[in-house]
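> Sharing a structure with you now.
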Amino acid sequence: MQFGLAALALTAFAFGAAPSIAADTPDPVADAKAFQKYFTDRFPKLKLEDFVNGPYSMNEDMHRQWEEKEQFPPYDFGLDLGKELFSKPFKNGKSYADCFANGGIGIRQNYPYFDEKEGKVVTLELALNRCREANGEAPISYLKDDMAALTAYMAFTSRGKPFDIKIPADPRALEAYDNGKRYFYTRRGQLNFSCASCHVQNPGERIRAEILAPALGILNAMPIYRSEWGGMGTISRRFTTCNSQIRGVPLEPQSDEYRDLEYYLSYVSNGLPISGPGARP
């Protein structure tokens, strides 16, 4: 227990991230540098880009499992469905391609972004449902099925492109980033865990049957097929599941808190390549 507390204290110090002692003015550039350094120092045998493979990057045996799985990836059905859905016209004749830059191809690495007009973070999942609604279609579930397939296809078209998340010179953008950072390090639920408890302190370790992924690059592989789920799941599904697993109360998918959390985690993984869709145990 004492070791765990010490590790958390060192981690918070290294990141300048403990909510109670955070600096008055957030410094995302310094945060990202310290965040990446923490993981590369802790796992010196890994290249920076390897972290996007999650738990499969943690040891050689698991990496071989990942290589074998990638020969016949379990998410292929999601890719096929996503491509079909993406190209299928809406009732008004338009399609998803009309809502995105470059026709929606090869743009995953730019999401989420901060919308200065709205004053909030816009994720890819939110943008897809807004596209649907703008074209007279009903929104779809943020957790799995069609949303997972669509984001899988869009991620696949961006594979290898590095995350390039921007924080504009807008105090509201910095506040959203800082809110996401605070959420990441705040303990909650009956187990009194934070996101960092698992994904900063204990990546590569087991919690029950699950092997914990490093926080660095964790969103680069999304959406993912999980054996535990028996199907594809989105970032929204991962966030709500994590809250449930610590016996906390999940927030509504695409709530401000979850979008800000995604903004923070994506920004500190800037420079790491998109590897989604992924597969996890």
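Chain labels run A, B, ... following the order of the structure tokens; each chain numbers its residues from 1, and ligands are numbered from 1 in the order shown.
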Within 9 Å of stretch 173-189 of chain A, counting only C-alpha atoms, which residues show up once you throw out same-chain ones fewer than 4 positions away? Write them as a ChimeraX atom specification, please.
/A:12,17-19,25-28,114-116,119-121,167-169,193-197,243-249,256-265,267
> Store the residues of this selection in a file with C-alpha atoms, as a PDB file, in the first residue's frame.

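Just written: again-v3.pdb:
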ATOM      1  CA  ALA A  12       1.452  13.220  -9.910  1.00  0.00           C
ATOM      2  CA  ALA A  17      -1.140  16.712 -12.380  1.00  0.00           C
ATOM      3  CA  ALA A  18      -2.498  16.296  -8.881  1.00  0.00           C
ATOM      4  CA  PRO A  19      -5.746  18.270  -8.970  1.00  0.00           C
ATOM      5  CA  THR A  25      -2.229  28.054 -15.517  1.00  0.00           C
ATOM      6  CA  PRO A  26      -2.212  24.636 -17.217  1.00  0.00           C
ATOM      7  CA  ASP A  27       0.712  23.889 -19.521  1.00  0.00           C
ATOM      8  CA  PRO A  28      -0.424  21.206 -21.994  1.00  0.00           C
ATOM      9  CA  PHE A 114     -12.270  22.403 -29.637  1.00  0.00           C
ATOM     10  CA  ASP A 115     -15.086  24.273 -31.377  1.00  0.00           C
ATOM     11  CA  GLU A 116     -14.502  27.939 -30.587  1.00  0.00           C
ATOM     12  CA  GLY A 119     -17.091  26.690 -26.749  1.00  0.00           C
ATOM     13  CA  LYS A 120     -16.946  22.917 -26.285  1.00  0.00           C
ATOM     14  CA  VAL A 121     -14.980  19.842 -27.340  1.00  0.00           C
ATOM     15  CA  ILE A 167      -5.574  23.582 -28.158  1.00  0.00           C
ATOM     16  CA  PRO A 168      -6.453  26.986 -29.609  1.00  0.00           C
ATOM     17  CA  ALA A 169      -5.640  30.275 -27.919  1.00  0.00           C
ATOM     18  CA  PHE A 193      -9.901   4.476  -8.211  1.00  0.00           C
ATOM     19  CA  SER A 194      -8.993   7.122 -10.746  1.00  0.00           C
ATOM     20  CA  CYS A 195      -8.270   6.443 -14.404  1.00  0.00           C
ATOM     21  CA  ALA A 196      -4.595   6.890 -13.509  1.00  0.00           C
ATOM     22  CA  SER A 197      -4.768   4.218 -10.792  1.00  0.00           C
ATOM     23  CA  ASN A 243     -16.715   3.822 -14.395  1.00  0.00           C
ATOM     24  CA  SER A 244     -18.877   0.752 -13.868  1.00  0.00           C
ATOM     25  CA  GLN A 245     -15.859  -1.433 -13.123  1.00  0.00           C
ATOM     26  CA  ILE A 246     -14.785   0.807 -10.241  1.00  0.00           C
ATOM     27  CA  ARG A 247     -18.381   0.740  -8.981  1.00  0.00           C
ATOM     28  CA  GLY A 248     -18.924   4.333  -9.870  1.00  0.00           C
ATOM     29  CA  VAL A 249     -21.877   5.915 -11.646  1.00  0.00           C
ATOM     30  CA  ASP A 256     -18.885  17.343 -21.213  1.00  0.00           C
ATOM     31  CA  GLU A 257     -16.742  15.422 -18.727  1.00  0.00           C
ATOM     32  CA  TYR A 258     -16.155  12.478 -21.061  1.00  0.00           C
ATOM     33  CA  ARG A 259     -15.461  14.725 -24.036  1.00  0.00           C
ATOM     34  CA  ASP A 260     -12.962  16.756 -21.992  1.00  0.00           C
ATOM     35  CA  LEU A 261     -11.334  13.514 -20.811  1.00  0.00           C
ATOM     36  CA  GLU A 262     -10.975  12.394 -24.421  1.00  0.00           C
ATOM     37  CA  TYR A 263      -9.490  15.790 -25.297  1.00  0.00           C
ATOM     38  CA  TYR A 264      -6.864  15.463 -22.558  1.00  0.00           C
ATOM     39  CA  LEU A 265      -5.912  11.842 -23.303  1.00  0.00           C
ATOM     40  CA  TYR A 267      -3.567  15.615 -26.608  1.00  0.00           C
TER      41      TYR A 267
END
> Got a sec to tell me which of stretch 49-260 of chain A DSSP assigns to strand (DSSP E or B), as a PyMOL selection string?
chain A and resi 113-115+120-122+162+188+193+206-207+210-211+224-226+231-233
> Mind running stretch 181-230 of chain A against stretch 159-164 of chain A at 10 Å and telling me each contacting residue's nearest atom pair with the distance in Å (one decimal), counting only C-alpha atoms, chain and number ascending, as CSV?

residue,atom,partner,partner_atom,distance
A:Gly217,CA,A:Phe163,CA,9.3
A:Leu219,CA,A:Phe163,CA,9.8
A:Asn220,CA,A:Phe163,CA,7.7
A:Ala221,CA,A:Arg159,CA,9.3
> Between A:Leu251, A:Leu272, A:Ala155, A:Met62, which is the closest to A:Asp50 once you count only C-alpha atoms?
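Of the candidates, the smallest distance to A:Asp50 is held by A:Leu272.
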> Under the rule that only C-alpha atoms are counted, which of A:Ile224, A:Ala279, A:Leu216, A:Met154 is the nearest residue to A:Glu49?
A:Leu216
> From the DSSP assignment of the backbone, select every residue of stretch 125-160 of chain A that is alpha helix (DSSP H), and format the answer as a count of residues only.
22
> Write out as an NGL selection string the residues lying within 8 Å of stretch 230-240 of chain A, counting only C-alpha atoms and excluding same-chain residues fewer than 5 positions away.
:A and (75 or 78 or 142-145 or 147-149 or 151 or 219 or 222-225 or 250-254 or 258)
> Go through A:Leu128, A:Pro44, A:Ala152, A:Lys166 and flag the residue nearest A:Phe100, using only C-alpha atoms for the distances.
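For A:Phe100, the nearest of the given residues is A:Leu128.
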> Closest to A:Arg130 among A:Cys99, A:Glu60, A:Glu118, A:Phe90, using only C-alpha atoms?
A:Cys99
> Under the rule that only C-alpha atoms are counted, which of A:Phe156, A:Asp61, A:Pro73, A:Glu84 is the nearest residue to A:Gly276?
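Answer, going by the shortest atom-to-atom distance: A:Phe156.
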> Record the distance separating atom CA of A:Glu68 and atom CA of A:Tyr56, expressed in Å with one decimal.
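Atom-to-atom, atom CA of A:Glu68 and atom CA of A:Tyr56 are spaced 11.3 Å apart.
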> For A:Glu137, find every residue with an atom within 12 Å (counting only C-alpha atoms), except residues of its own chain fewer than 2 positions away, and show them as a VMD selection string.
chain A and resid 89 to 96 128 to 135 139 to 140
> For stretch 202-215 of chain A, list every protein, DNA or RNA residue within 10 Å, evaluated using only C-alpha atoms, and leave out those in the same chain fewer than 4 positions away; present the list as a PyMOL selection string.
chain A and resi 4+7+35-36+39+51-59+184+195-198+219+228+265-266+268-269+280-281
> Quick one: write out the picked residues with N, CA, C and O atoms as a tab-separated table (two decimals), in the first residue's frame?

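In the end it all went to part.tsv:
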chain	number	residue	atom	x	y	z
A	4	GLY	N	2.29	1.79	-3.37
A	4	GLY	CA	1.31	2.32	-4.31
A	4	GLY	C	1.09	3.81	-4.12
A	4	GLY	O	1.01	4.57	-5.08
A	7	ALA	N	4.10	5.66	-5.41
A	7	ALA	CA	4.13	5.68	-6.86
A	7	ALA	C	3.17	6.72	-7.41
A	7	ALA	O	3.49	7.46	-8.34
A	35	PHE	N	4.28	13.38	-19.61
A	35	PHE	CA	3.45	12.17	-19.70
A	35	PHE	C	4.16	11.12	-20.54
A	35	PHE	O	4.29	9.95	-20.13
A	36	GLN	N	4.64	11.51	-21.70
A	36	GLN	CA	5.31	10.56	-22.58
A	36	GLN	C	6.64	10.09	-21.98
A	36	GLN	O	7.00	8.92	-22.10
A	39	PHE	N	6.24	7.25	-19.36
A	39	PHE	CA	6.03	5.91	-19.90
A	39	PHE	C	7.27	5.37	-20.60
A	39	PHE	O	7.59	4.19	-20.48
A	51	PHE	N	3.34	2.04	-27.91
A	51	PHE	CA	2.35	2.14	-26.84
A	51	PHE	C	0.92	2.07	-27.36
A	51	PHE	O	-0.01	1.76	-26.62
A	52	VAL	N	0.72	2.34	-28.65
A	52	VAL	CA	-0.64	2.30	-29.21
A	52	VAL	C	-1.18	0.86	-29.25
A	52	VAL	O	-2.37	0.67	-29.48
A	53	ASN	N	-0.31	-0.13	-29.04
A	53	ASN	CA	-0.75	-1.52	-29.04
A	53	ASN	C	-1.25	-1.97	-27.67
A	53	ASN	O	-1.52	-3.15	-27.47
A	54	GLY	N	-1.35	-1.02	-26.73
A	54	GLY	CA	-1.94	-1.32	-25.43
A	54	GLY	C	-1.22	-2.43	-24.70
A	54	GLY	O	0.02	-2.48	-24.69
A	55	PRO	N	-1.96	-3.35	-24.09
A	55	PRO	CA	-1.32	-4.41	-23.30
A	55	PRO	C	-0.43	-5.32	-24.14
A	55	PRO	O	0.48	-5.95	-23.62
A	56	TYR	N	-0.69	-5.37	-25.46
A	56	TYR	CA	0.14	-6.22	-26.31
A	56	TYR	C	1.56	-5.69	-26.48
A	56	TYR	O	2.43	-6.39	-26.99
A	57	SER	N	1.78	-4.46	-26.07
A	57	SER	CA	3.13	-3.91	-26.13
A	57	SER	C	3.94	-4.23	-24.87
A	57	SER	O	5.14	-3.97	-24.83
A	58	MET	N	3.28	-4.81	-23.86
A	58	MET	CA	3.91	-4.93	-22.55
A	58	MET	C	4.90	-6.08	-22.43
A	58	MET	O	5.81	-6.04	-21.62
A	59	ASN	N	4.72	-7.16	-23.22
A	59	ASN	CA	5.68	-8.25	-23.16
A	59	ASN	C	5.67	-9.00	-24.48
A	59	ASN	O	4.74	-8.90	-25.29
A	184	PHE	N	-9.24	12.70	-15.12
A	184	PHE	CA	-8.37	11.54	-15.26
A	184	PHE	C	-7.72	11.16	-13.94
A	184	PHE	O	-7.54	9.98	-13.64
A	195	CYS	N	-8.74	7.04	-13.15
A	195	CYS	CA	-8.27	6.44	-14.40
A	195	CYS	C	-6.78	6.14	-14.30
A	195	CYS	O	-6.30	5.10	-14.78
A	196	ALA	N	-6.04	7.04	-13.64
A	196	ALA	CA	-4.59	6.89	-13.51
A	196	ALA	C	-4.21	5.71	-12.62
A	196	ALA	O	-3.13	5.14	-12.78
A	197	SER	N	-5.08	5.34	-11.69
A	197	SER	CA	-4.77	4.22	-10.79
A	197	SER	C	-4.44	2.96	-11.59
A	197	SER	O	-3.53	2.20	-11.24
A	198	CYS	N	-5.20	2.74	-12.66
A	198	CYS	CA	-4.97	1.56	-13.49
A	198	CYS	C	-3.99	1.82	-14.62
A	198	CYS	O	-3.06	1.05	-14.84
A	219	LEU	N	-6.13	5.76	-26.67
A	219	LEU	CA	-7.22	6.11	-27.57
A	219	LEU	C	-6.85	5.96	-29.04
A	219	LEU	O	-7.72	5.98	-29.90
A	228	GLU	N	-13.99	-9.72	-24.15
A	228	GLU	CA	-14.90	-9.61	-23.01
A	228	GLU	C	-16.28	-9.16	-23.46
A	228	GLU	O	-17.30	-9.59	-22.92
A	265	LEU	N	-6.65	13.07	-22.99
A	265	LEU	CA	-5.91	11.84	-23.30
A	265	LEU	C	-5.39	11.84	-24.74
A	265	LEU	O	-4.32	11.30	-25.02
A	266	SER	N	-6.15	12.44	-25.64
A	266	SER	CA	-5.70	12.51	-27.02
A	266	SER	C	-4.54	13.48	-27.16
A	266	SER	O	-3.55	13.18	-27.86
A	268	VAL	N	-2.24	14.43	-24.94
A	268	VAL	CA	-0.97	13.95	-24.37
A	268	VAL	C	-0.40	12.77	-25.17
A	268	VAL	O	0.75	12.35	-24.93
A	269	SER	N	-1.17	12.24	-26.12
A	269	SER	CA	-0.67	11.21	-27.02
A	269	SER	C	-0.35	11.77	-28.39
A	269	SER	O	-0.17	11.00	-29.36
A	280	ARG	N	-8.59	-6.24	-28.27
A	280	ARG	CA	-8.07	-6.39	-26.92
A	280	ARG	C	-8.67	-7.64	-26.28
A	280	ARG	O	-9.72	-8.12	-26.71
A	281	PRO	N	-8.04	-8.18	-25.25
A	281	PRO	CA	-8.54	-9.38	-24.61
A	281	PRO	C	-9.97	-9.20	-24.07
A	281	PRO	O	-10.36	-8.09	-23.74
> Work out how far apart atom CA of A:Ser275 and atom CA of A:Glu70 are and give it in Å to one decimal.
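For atom CA of A:Ser275 relative to atom CA of A:Glu70, the distance reads 11.5 Å.
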